[in-house]
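Undergrad: The structure's right below; bear with me while I get my questions together.
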Amino acid sequence: MDEIEDNKNPEVILNVEETPYVQKITDVIKCLDTYALVEISKENPNFEIYLESEFVITDPTIAEFYLVLFREEGEKVADYWFKKLETYCLPASKEILIEAVKFKHEKRKQNISFFDAVGYVFSLKNNYNFVTGDKEFEHMINVEFKKK
């Protein structure tokens with residue numbers, strides 16, 4: 001087994017067997033966006049697998065997801081999913097929010113939502129994979145792109 005002196009080099013991590021100090025690349029924490037959460041709530045088997053992995057949700061994303069469910073399914077369903085997922089929610093710092101504004105502005109031709117910009121920037125800053133099916137993110141780094 002290779003020894004690692006610097007865990008910050010992803011090329012090294014990719015070539016090393018799992019040890020107590022190194023995660024396999026498949027074990028990277030997922031940051032789920034609203035697209036993924038909606039598919040999970042619809043029991044799409046392509047997305048339900050994320051409930052069995054390590055994942056997080058940003059506070060703005062859970063708010064957007066709540067809005068979608070509230071509008072389409074009603075308050076009872078929205079409350080159910082909020083309670084089920086709230087322990088996986090993490091706040092986005094003011095710095096992340098400002099970077100998300102800049103990212104959204106930079107990608108304005110792609111019409112990326114503010115919520116998605118927050119989730120994506122949050123993922124980048126924390127070295128998580130951003131899970132989405134939104135076509136705007138299909139070829140971006142740190143994105144696990146998954147269609148319905």
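Residue numbers start at 1 in each chain; chains themselves are named A, B, ... in the order of the structure tokens; ligands are numbered from 1 in the order shown.
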Neighbouring residues of stretch 59-75 of chain A were defined as those with any atom within 9 Å, considering only C-alpha atoms; residues of the same chain fewer than 3 positions away were excluded. Please report them as a list in words.
TA: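 Neighbouring residues, sequence-local ones excluded: Leu32, Asp33, Thr34, Tyr35, Leu37, Val38, Ala78, Asp79, Tyr80, Trp81, Phe82, Leu85, Glu86, Cys89, Leu90, Pro91, Ala92, Phe115, Asp116, Val118 and Gly119 of chain A.
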Undergrad: Need to verify the contact set: stretch 51-54 of chain A, 12 Å, only C-alpha atoms, exclusion of same-chain residues closer than 5 positions in sequence. Can you return it as JSON, numbers by chain?
TA: {"A": [23, 26, 27, 28, 29, 30, 31, 32, 36, 37, 39, 40, 41, 43, 44, 45, 46, 84, 85, 88, 128, 129, 131]}
Undergrad: Out of stretch 26-106 of chain A, which residues get alpha helix (DSSP H) from DSSP, as a PyMOL selection string?
TA: chain A and resi 34-41+45-48+59-72+75-85+94-106
Undergrad: If you keep N, CA and C atoms, can you produce a file of those selected residues as a tab-separated table (two decimals), in the first residue's frame?
TA:
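Saved file out.tsv follows:
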```tsv
chain	number	residue	atom	x	y	z
A	34	THR	N	-31.96	20.62	-5.02
A	34	THR	CA	-33.41	20.46	-5.02
A	34	THR	C	-33.86	19.44	-6.06
A	35	TYR	N	-33.23	19.43	-7.21
A	35	TYR	CA	-33.55	18.46	-8.26
A	35	TYR	C	-33.46	17.04	-7.68
A	36	ALA	N	-32.35	16.75	-7.02
A	36	ALA	CA	-32.15	15.42	-6.44
A	36	ALA	C	-33.18	15.14	-5.35
A	37	LEU	N	-33.47	16.12	-4.51
A	37	LEU	CA	-34.43	15.93	-3.43
A	37	LEU	C	-35.84	15.67	-3.96
A	38	VAL	N	-36.22	16.36	-5.01
A	38	VAL	CA	-37.54	16.13	-5.62
A	38	VAL	C	-37.61	14.70	-6.15
A	39	GLU	N	-36.56	14.24	-6.81
A	39	GLU	CA	-36.55	12.87	-7.33
A	39	GLU	C	-36.57	11.85	-6.19
A	40	ILE	N	-35.90	12.13	-5.10
A	40	ILE	CA	-35.95	11.25	-3.94
A	40	ILE	C	-37.37	11.20	-3.39
A	41	SER	N	-38.02	12.33	-3.29
A	41	SER	CA	-39.39	12.37	-2.77
A	41	SER	C	-40.38	11.64	-3.68
A	45	PRO	N	-35.74	5.43	-8.11
A	45	PRO	CA	-34.66	4.56	-7.64
A	45	PRO	C	-33.26	5.06	-8.04
A	46	ASN	N	-33.16	5.86	-9.09
A	46	ASN	CA	-31.86	6.42	-9.48
A	46	ASN	C	-31.34	7.41	-8.45
A	47	PHE	N	-32.24	7.94	-7.62
A	47	PHE	CA	-31.86	8.95	-6.63
A	47	PHE	C	-31.97	8.44	-5.20
A	48	GLU	N	-32.80	7.44	-4.97
A	48	GLU	CA	-32.97	6.93	-3.61
A	48	GLU	C	-31.66	6.41	-3.01
A	59	ASP	N	-29.00	24.83	3.91
A	59	ASP	CA	-30.24	25.41	4.41
A	59	ASP	C	-31.06	26.08	3.29
A	60	PRO	N	-30.42	26.85	2.39
A	60	PRO	CA	-31.22	27.42	1.30
A	60	PRO	C	-31.86	26.36	0.41
A	61	THR	N	-31.19	25.24	0.20
A	61	THR	CA	-31.75	24.17	-0.64
A	61	THR	C	-32.96	23.53	0.03
A	62	ILE	N	-32.89	23.28	1.33
A	62	ILE	CA	-34.04	22.68	2.00
A	62	ILE	C	-35.23	23.65	1.96
A	63	ALA	N	-34.95	24.94	2.02
A	63	ALA	CA	-36.03	25.93	1.93
A	63	ALA	C	-36.68	25.90	0.54
A	64	GLU	N	-35.84	25.83	-0.50
A	64	GLU	CA	-36.39	25.75	-1.86
A	64	GLU	C	-37.17	24.45	-2.05
A	65	PHE	N	-36.65	23.35	-1.55
A	65	PHE	CA	-37.33	22.06	-1.64
A	65	PHE	C	-38.68	22.12	-0.92
A	66	TYR	N	-38.70	22.72	0.25
A	66	TYR	CA	-39.95	22.90	1.00
A	66	TYR	C	-40.95	23.67	0.15
A	67	LEU	N	-40.50	24.74	-0.48
A	67	LEU	CA	-41.39	25.55	-1.33
A	67	LEU	C	-41.98	24.72	-2.46
A	68	VAL	N	-41.14	23.94	-3.13
A	68	VAL	CA	-41.62	23.10	-4.24
A	68	VAL	C	-42.68	22.12	-3.75
A	69	LEU	N	-42.40	21.45	-2.65
A	69	LEU	CA	-43.37	20.49	-2.12
A	69	LEU	C	-44.64	21.17	-1.61
A	70	PHE	N	-44.47	22.29	-0.93
A	70	PHE	CA	-45.62	23.04	-0.41
A	70	PHE	C	-46.55	23.44	-1.55
A	71	ARG	N	-45.96	23.92	-2.63
A	71	ARG	CA	-46.73	24.37	-3.80
A	71	ARG	C	-47.39	23.20	-4.52
A	72	GLU	N	-46.66	22.08	-4.68
A	72	GLU	CA	-47.15	20.97	-5.50
A	72	GLU	C	-47.89	19.88	-4.71
A	75	GLU	N	-48.81	21.38	2.50
A	75	GLU	CA	-48.01	21.59	3.71
A	75	GLU	C	-47.65	20.29	4.43
A	76	LYS	N	-48.58	19.34	4.47
A	76	LYS	CA	-48.31	18.09	5.19
A	76	LYS	C	-47.12	17.34	4.58
A	77	VAL	N	-47.06	17.25	3.27
A	77	VAL	CA	-45.95	16.56	2.60
A	77	VAL	C	-44.65	17.36	2.77
A	78	ALA	N	-44.75	18.68	2.63
A	78	ALA	CA	-43.57	19.52	2.80
A	78	ALA	C	-43.01	19.38	4.22
A	79	ASP	N	-43.88	19.39	5.22
A	79	ASP	CA	-43.45	19.22	6.61
A	79	ASP	C	-42.82	17.84	6.84
A	80	TYR	N	-43.41	16.80	6.25
A	80	TYR	CA	-42.87	15.45	6.40
A	80	TYR	C	-41.43	15.39	5.92
A	81	TRP	N	-41.19	15.90	4.70
A	81	TRP	CA	-39.84	15.83	4.13
A	81	TRP	C	-38.86	16.74	4.88
A	82	PHE	N	-39.34	17.89	5.33
A	82	PHE	CA	-38.48	18.77	6.10
A	82	PHE	C	-38.00	18.06	7.37
A	83	LYS	N	-38.93	17.45	8.09
A	83	LYS	CA	-38.57	16.76	9.34
A	83	LYS	C	-37.65	15.57	9.06
A	84	LYS	N	-37.88	14.89	7.96
A	84	LYS	CA	-37.06	13.72	7.61
A	84	LYS	C	-35.62	14.12	7.28
A	85	LEU	N	-35.44	15.29	6.67
A	85	LEU	CA	-34.13	15.69	6.17
A	85	LEU	C	-33.40	16.76	6.98
A	94	LYS	N	-22.00	33.46	5.22
A	94	LYS	CA	-22.15	34.69	4.43
A	94	LYS	C	-21.14	34.72	3.28
A	95	GLU	N	-19.95	34.21	3.53
A	95	GLU	CA	-18.92	34.17	2.48
A	95	GLU	C	-19.35	33.27	1.32
A	96	ILE	N	-19.96	32.13	1.64
A	96	ILE	CA	-20.48	31.23	0.60
A	96	ILE	C	-21.58	31.94	-0.18
A	97	LEU	N	-22.47	32.63	0.53
A	97	LEU	CA	-23.56	33.34	-0.15
A	97	LEU	C	-23.03	34.40	-1.11
A	98	ILE	N	-22.01	35.14	-0.69
A	98	ILE	CA	-21.42	36.17	-1.56
A	98	ILE	C	-20.74	35.52	-2.76
A	99	GLU	N	-20.01	34.43	-2.53
A	99	GLU	CA	-19.38	33.73	-3.65
A	99	GLU	C	-20.43	33.17	-4.60
A	100	ALA	N	-21.56	32.71	-4.07
A	100	ALA	CA	-22.64	32.19	-4.90
A	100	ALA	C	-23.23	33.30	-5.77
A	101	VAL	N	-23.36	34.49	-5.22
A	101	VAL	CA	-23.84	35.64	-6.00
A	101	VAL	C	-22.89	35.90	-7.16
A	102	LYS	N	-21.59	35.88	-6.88
A	102	LYS	CA	-20.59	36.10	-7.93
A	102	LYS	C	-20.64	35.00	-8.98
A	103	PHE	N	-20.77	33.75	-8.52
A	103	PHE	CA	-20.84	32.62	-9.44
A	103	PHE	C	-22.09	32.73	-10.33
A	104	LYS	N	-23.22	33.06	-9.72
A	104	LYS	CA	-24.47	33.22	-10.48
A	104	LYS	C	-24.31	34.32	-11.52
A	105	HIS	N	-23.68	35.41	-11.14
A	105	HIS	CA	-23.46	36.51	-12.08
A	105	HIS	C	-22.53	36.08	-13.22
A	106	GLU	N	-21.47	35.36	-12.87
A	106	GLU	CA	-20.51	34.89	-13.86
A	106	GLU	C	-21.17	33.94	-14.87
```
Undergrad: When you count only C-alpha atoms, which of these residues is closest to A:Ile112: A:Lys147, A:Lys135, A:Lys42, A:Lys125?
TA: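 Closest to A:Ile112 of all the choices is A:Lys135.
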Undergrad: Which is closest to A:Arg108 among A:Glu136, A:Thr87, A:Phe55, A:Val121, if we use only C-alpha atoms?
TA: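 Counting only C-alpha atoms, the residue closest to A:Arg108 is A:Glu136.
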Undergrad: Suppose you want the space between atom CA of A:Asn142 and atom CA of A:Ile57; what is it in Å?
TA: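 Answer for the atom CA of A:Asn142 to atom CA of A:Ile57 separation: 15.4 Å.
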Undergrad: Mind the document's chain letters and residue numbers, and return as a ChimeraX atom specification the residues of stretch 35-130 of chain A that DSSP labels strand (DSSP E or B).
TA: /A:55-58,89-90,129-130
Undergrad: Rank A:Phe114, A:Lys107, A:Ser93, A:Asn126 by their smallest atom-to-atom distance to A:Met140, using only C-alpha atoms, and report the top residue only.
TA: A:Lys107
